[in-house]
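Presented below is the structure to which this report refers.
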Amino acid sequence: MKNQYLYAIFAACLMTFVFSGGALAAGENLADYHAGMNGCESCHANEEPSADGAYEFEQCQSCHGSLAEMDDNHKPHEGMLMCADCHAVHDVNVGDKPTCEACHDDGRIAK
Ligand code: HEC
Ligand code: HEC
Ligand code: HEC
Ligand code: HEC
């Protein structure tokens, strides 16, 4: 039941993406890019950012999956970080890659 629900959301996300004609254009702000799907409500409830970021984190995961389901840059951070800790969506553009050195000082890089 839960999986079917998630699949329906995922399918809806993909359809929205396809029919918005949204190609990922480097240079576009990452929040604005997402707002092209369902407006600010793609991530925020009632046009208001939540105080702790938990609501927004849920929205990221409803389309992209959890950290544990992603690649090796993401997996180790399950239960430790939210997406926005690395992807500051209002401050970066599509195509920008977060770095590791913001938090790890041992020279590790994204795989
Ligand atoms: C991709 C998801 C996403 C979309 C779409 C999005 N936001 Fe956000 N927004 C976030 C996240 C995550 C934060 C908290 C972390 C941050 O500041 O980057 C945030 C923070 C904010 C803040 C607080 C900023 C601050 O500096 O404290 C405001 C205000 C805001 N968003 C307004 C909007 C408006 C208005 C829109 C639509 C034009 C929008 N957001 C679209 C994810 C999104
Ligand atoms: C520890 C920091 C970190 C966190 C937390 C994080 N990301 Fe990332 N993310 C990265 C890095 C680094 C890359 C670029 C990897 C590369 O070089 O391809 C990336 C790339 C991506 C991409 C592009 C993938 C691709 O194949 O090009 C998506 C989508 C993404 N992240 C979504 C998310 C979502 C959704 C979350 C939360 C569930 C999240 N990220 C949390 C660091 C992070
Ligand atoms: C309504 C569904 C939806 C939500 C909610 C959503 N995304 Fe996305 N996001 C997409 C789609 C679709 C793409 C384009 C295809 C892809 O790269 O996966 C995308 C692309 C991305 C990319 C890749 C951009 C690049 O440079 O290649 C990142 C990073 C990302 N999203 C992070 C986030 C974060 C962080 C949140 C929550 C704050 C979030 N997304 C919320 C659907 C969503
Ligand atoms: C926003 C801060 C932040 C960023 C950016 C970040 N990490 Fe982490 N990372 C953490 C935290 C917090 C932990 C959990 C505490 C710990 O084990 O050190 C962690 C743990 C890890 C671990 C498991 C423990 C260890 O130290 O080996 C790996 C592997 C890892 N991160 C890889 C990366 C990679 C690769 C990048 C760049 C793509 C990255 N991290 C970017 C905060 C971050």
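Starting from 1 in every chain, residues are counted up; chains themselves are A, B, ... following the order of the structure tokens, and ligands are numbered from 1 as listed.
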Give the residue list for ligand 3 at 6 Å, counting only C-alpha atoms and all ligand atoms, as a PyMOL selection string, sorted by chain and then by residue number. chain A and resi 13-14+17+42-43+56-57+59-60+63+83-84+87+94-96
Let me see the file: selected residues, N, CA, C and O atoms, as a PDB file, in the first residue's frame.
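Output file part.pdb follows:
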```
ATOM      1  N   CYS A  13       5.217  13.161 -10.233  1.00  0.00           N
ATOM      2  CA  CYS A  13       6.360  14.065 -10.345  1.00  0.00           C
ATOM      3  C   CYS A  13       6.943  14.008 -11.748  1.00  0.00           C
ATOM      4  O   CYS A  13       7.223  15.031 -12.364  1.00  0.00           O
ATOM      5  N   LEU A  14       7.113  12.794 -12.241  1.00  0.00           N
ATOM      6  CA  LEU A  14       7.707  12.635 -13.566  1.00  0.00           C
ATOM      7  C   LEU A  14       6.823  13.275 -14.626  1.00  0.00           C
ATOM      8  O   LEU A  14       7.302  13.965 -15.517  1.00  0.00           O
ATOM      9  N   PHE A  17       7.111  16.900 -14.561  1.00  0.00           N
ATOM     10  CA  PHE A  17       8.388  17.304 -15.141  1.00  0.00           C
ATOM     11  C   PHE A  17       8.310  17.279 -16.664  1.00  0.00           C
ATOM     12  O   PHE A  17       8.674  18.233 -17.333  1.00  0.00           O
ATOM     13  N   SER A  42       5.980  23.147  -4.315  1.00  0.00           N
ATOM     14  CA  SER A  42       6.755  21.929  -4.589  1.00  0.00           C
ATOM     15  C   SER A  42       7.494  21.526  -3.323  1.00  0.00           C
ATOM     16  O   SER A  42       7.712  20.345  -3.074  1.00  0.00           O
ATOM     17  N   CYS A  43       7.902  22.515  -2.542  1.00  0.00           N
ATOM     18  CA  CYS A  43       8.695  22.225  -1.336  1.00  0.00           C
ATOM     19  C   CYS A  43       8.096  22.777  -0.047  1.00  0.00           C
ATOM     20  O   CYS A  43       8.332  22.227   1.017  1.00  0.00           O
ATOM     21  N   GLU A  56      10.202  20.417   4.187  1.00  0.00           N
ATOM     22  CA  GLU A  56      10.880  20.512   2.890  1.00  0.00           C
ATOM     23  C   GLU A  56      11.670  19.230   2.603  1.00  0.00           C
ATOM     24  O   GLU A  56      11.679  18.738   1.471  1.00  0.00           O
ATOM     25  N   PHE A  57      12.332  18.713   3.639  1.00  0.00           N
ATOM     26  CA  PHE A  57      13.115  17.472   3.489  1.00  0.00           C
ATOM     27  C   PHE A  57      12.204  16.328   3.038  1.00  0.00           C
ATOM     28  O   PHE A  57      12.563  15.533   2.165  1.00  0.00           O
ATOM     29  N   GLN A  59       9.530  16.623   1.278  1.00  0.00           N
ATOM     30  CA  GLN A  59       9.166  16.832  -0.138  1.00  0.00           C
ATOM     31  C   GLN A  59      10.298  16.363  -1.053  1.00  0.00           C
ATOM     32  O   GLN A  59      10.063  15.697  -2.054  1.00  0.00           O
ATOM     33  N   CYS A  60      11.535  16.692  -0.706  1.00  0.00           N
ATOM     34  CA  CYS A  60      12.682  16.237  -1.518  1.00  0.00           C
ATOM     35  C   CYS A  60      12.626  14.722  -1.672  1.00  0.00           C
ATOM     36  O   CYS A  60      12.776  14.183  -2.769  1.00  0.00           O
ATOM     37  N   CYS A  63      10.065  12.880  -4.013  1.00  0.00           N
ATOM     38  CA  CYS A  63      10.386  12.808  -5.448  1.00  0.00           C
ATOM     39  C   CYS A  63      11.698  12.084  -5.724  1.00  0.00           C
ATOM     40  O   CYS A  63      11.813  11.368  -6.707  1.00  0.00           O
ATOM     41  N   CYS A  83      18.738  17.190   2.903  1.00  0.00           N
ATOM     42  CA  CYS A  83      19.219  17.579   1.570  1.00  0.00           C
ATOM     43  C   CYS A  83      19.762  19.011   1.566  1.00  0.00           C
ATOM     44  O   CYS A  83      20.800  19.295   0.967  1.00  0.00           O
ATOM     45  N   ALA A  84      19.029  19.909   2.220  1.00  0.00           N
ATOM     46  CA  ALA A  84      19.385  21.325   2.147  1.00  0.00           C
ATOM     47  C   ALA A  84      20.678  21.640   2.899  1.00  0.00           C
ATOM     48  O   ALA A  84      21.243  22.715   2.720  1.00  0.00           O
ATOM     49  N   HIS A  87      22.598  20.960  -0.433  1.00  0.00           N
ATOM     50  CA  HIS A  87      22.013  21.652  -1.586  1.00  0.00           C
ATOM     51  C   HIS A  87      21.229  22.862  -1.088  1.00  0.00           C
ATOM     52  O   HIS A  87      20.049  22.733  -0.747  1.00  0.00           O
ATOM     53  N   VAL A  94      21.240  25.167 -10.985  1.00  0.00           N
ATOM     54  CA  VAL A  94      21.236  23.834 -11.576  1.00  0.00           C
ATOM     55  C   VAL A  94      22.637  23.567 -12.124  1.00  0.00           C
ATOM     56  O   VAL A  94      23.249  24.458 -12.726  1.00  0.00           O
ATOM     57  N   GLY A  95      23.162  22.378 -11.857  1.00  0.00           N
ATOM     58  CA  GLY A  95      24.495  22.031 -12.356  1.00  0.00           C
ATOM     59  C   GLY A  95      25.599  22.246 -11.336  1.00  0.00           C
ATOM     60  O   GLY A  95      26.670  21.673 -11.456  1.00  0.00           O
ATOM     61  N   ASP A  96      25.342  23.073 -10.300  1.00  0.00           N
ATOM     62  CA  ASP A  96      26.350  23.268  -9.243  1.00  0.00           C
ATOM     63  C   ASP A  96      26.448  22.004  -8.402  1.00  0.00           C
ATOM     64  O   ASP A  96      25.431  21.413  -8.046  1.00  0.00           O
TER      65      ASP A  96
END
```
Each residue of chain A lying at most 7 Å from ligand 4 should get a row with its shortest atom-to-atom pair and the distance in Å to one decimal, counting only C-alpha atoms and all ligand atoms; could you produce that, ordered by chain and increasing number, as CSV?
```
residue,atom,partner,partner_atom_place_in_ligand_line,distance
A:Asn73,CA,ligand 4,38 (C),4.6
A:Pro76,CA,ligand 4,22 (C),4.8
A:His77,CA,ligand 4,19 (C),5.5
A:Met80,CA,ligand 4,12 (C),5.5
A:Leu81,CA,ligand 4,12 (C),6.4
A:Asp85,CA,ligand 4,1 (C),4.8
A:Cys86,CA,ligand 4,1 (C),5.1
A:Pro98,CA,ligand 4,38 (C),6.7
A:Thr99,CA,ligand 4,37 (C),5.2
A:Cys100,CA,ligand 4,37 (C),3.3
A:Glu101,CA,ligand 4,5 (C),6.4
A:Ala102,CA,ligand 4,5 (C),5.0
A:Cys103,CA,ligand 4,2 (C),4.4
A:His104,CA,ligand 4,7 (N),6.1
A:Arg108,CA,ligand 4,35 (C),6.0
A:Ile109,CA,ligand 4,35 (C),5.4
A:Ala110,CA,ligand 4,38 (C),3.9
A:Lys111,CA,ligand 4,35 (C),6.4
```
If the limit is 10 Å from any atom of ligand 1, counting only C-alpha atoms and all ligand atoms, which residues qualify? Return them as a PyMOL selection string. chain A and resi 29-45+47-60+82-92
Just C-alpha atoms for this one: save the residues we selected as a PDB file, in the first residue's frame.
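Heads up, here's the output in selection.pdb:
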```pdb
ATOM      1  CA  ASN A  29      18.506  28.891  -9.740  1.00  0.00           C
ATOM      2  CA  LEU A  30      17.763  25.445  -8.297  1.00  0.00           C
ATOM      3  CA  ALA A  31      14.723  26.573  -6.272  1.00  0.00           C
ATOM      4  CA  ASP A  32      13.250  28.435  -9.256  1.00  0.00           C
ATOM      5  CA  TYR A  33      13.822  25.372 -11.413  1.00  0.00           C
ATOM      6  CA  HIS A  34      11.768  23.284  -8.947  1.00  0.00           C
ATOM      7  CA  ALA A  35       9.145  26.021  -8.571  1.00  0.00           C
ATOM      8  CA  GLY A  36       8.482  25.444 -12.271  1.00  0.00           C
ATOM      9  CA  MET A  37       6.884  22.112 -11.268  1.00  0.00           C
ATOM     10  CA  ASN A  38       4.306  23.057  -8.605  1.00  0.00           C
ATOM     11  CA  GLY A  39       5.332  26.562  -7.607  1.00  0.00           C
ATOM     12  CA  CYS A  40       6.806  27.201  -4.171  1.00  0.00           C
ATOM     13  CA  GLU A  41       4.455  24.476  -2.929  1.00  0.00           C
ATOM     14  CA  SER A  42       6.755  21.929  -4.589  1.00  0.00           C
ATOM     15  CA  CYS A  43       8.695  22.225  -1.336  1.00  0.00           C
ATOM     16  CA  HIS A  44       6.898  24.556   1.103  1.00  0.00           C
ATOM     17  CA  ALA A  45       3.515  24.265   2.834  1.00  0.00           C
ATOM     18  CA  GLU A  47       4.069  29.468   1.014  1.00  0.00           C
ATOM     19  CA  GLU A  48       5.905  29.443   4.338  1.00  0.00           C
ATOM     20  CA  PRO A  49       9.264  27.766   4.941  1.00  0.00           C
ATOM     21  CA  SER A  50       9.041  25.495   7.990  1.00  0.00           C
ATOM     22  CA  ALA A  51      11.085  26.423  11.029  1.00  0.00           C
ATOM     23  CA  ASP A  52      13.129  23.206  11.129  1.00  0.00           C
ATOM     24  CA  GLY A  53      13.243  22.251   7.423  1.00  0.00           C
ATOM     25  CA  ALA A  54      11.620  18.863   8.067  1.00  0.00           C
ATOM     26  CA  TYR A  55       8.626  19.491   5.806  1.00  0.00           C
ATOM     27  CA  GLU A  56      10.880  20.512   2.890  1.00  0.00           C
ATOM     28  CA  PHE A  57      13.115  17.472   3.489  1.00  0.00           C
ATOM     29  CA  GLU A  58      10.025  15.241   3.208  1.00  0.00           C
ATOM     30  CA  GLN A  59       9.166  16.832  -0.138  1.00  0.00           C
ATOM     31  CA  CYS A  60      12.682  16.237  -1.518  1.00  0.00           C
ATOM     32  CA  MET A  82      18.924  16.846   5.292  1.00  0.00           C
ATOM     33  CA  CYS A  83      19.219  17.579   1.570  1.00  0.00           C
ATOM     34  CA  ALA A  84      19.385  21.325   2.147  1.00  0.00           C
ATOM     35  CA  ASP A  85      22.481  20.931   4.363  1.00  0.00           C
ATOM     36  CA  CYS A  86      24.395  20.361   1.116  1.00  0.00           C
ATOM     37  CA  HIS A  87      22.013  21.652  -1.586  1.00  0.00           C
ATOM     38  CA  ALA A  88      21.192  25.244  -0.602  1.00  0.00           C
ATOM     39  CA  VAL A  89      18.522  25.380  -3.280  1.00  0.00           C
ATOM     40  CA  HIS A  90      17.949  29.152  -3.166  1.00  0.00           C
ATOM     41  CA  ASP A  91      21.668  29.935  -3.322  1.00  0.00           C
ATOM     42  CA  VAL A  92      22.897  27.619  -6.069  1.00  0.00           C
TER      43      VAL A  92
END
```
Please identify which residues in segment 13-109 of chain A DSSP calls strand (DSSP E or B) from the backbone, and express them as a list in words. Asn29, Cys40, Ala45, Glu48 and Asn93 of chain A
Mind writing the picked residues with C-alpha atoms as a PDB file, in the first residue's frame?
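Result went into selection.pdb, see below:
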```
ATOM      1  CA  ASN A  29      18.506  28.891  -9.740  1.00  0.00           C
ATOM      2  CA  CYS A  40       6.806  27.201  -4.171  1.00  0.00           C
ATOM      3  CA  ALA A  45       3.515  24.265   2.834  1.00  0.00           C
ATOM      4  CA  GLU A  48       5.905  29.443   4.338  1.00  0.00           C
ATOM      5  CA  ASN A  93      22.148  26.989  -9.722  1.00  0.00           C
TER       6      ASN A  93
END
```
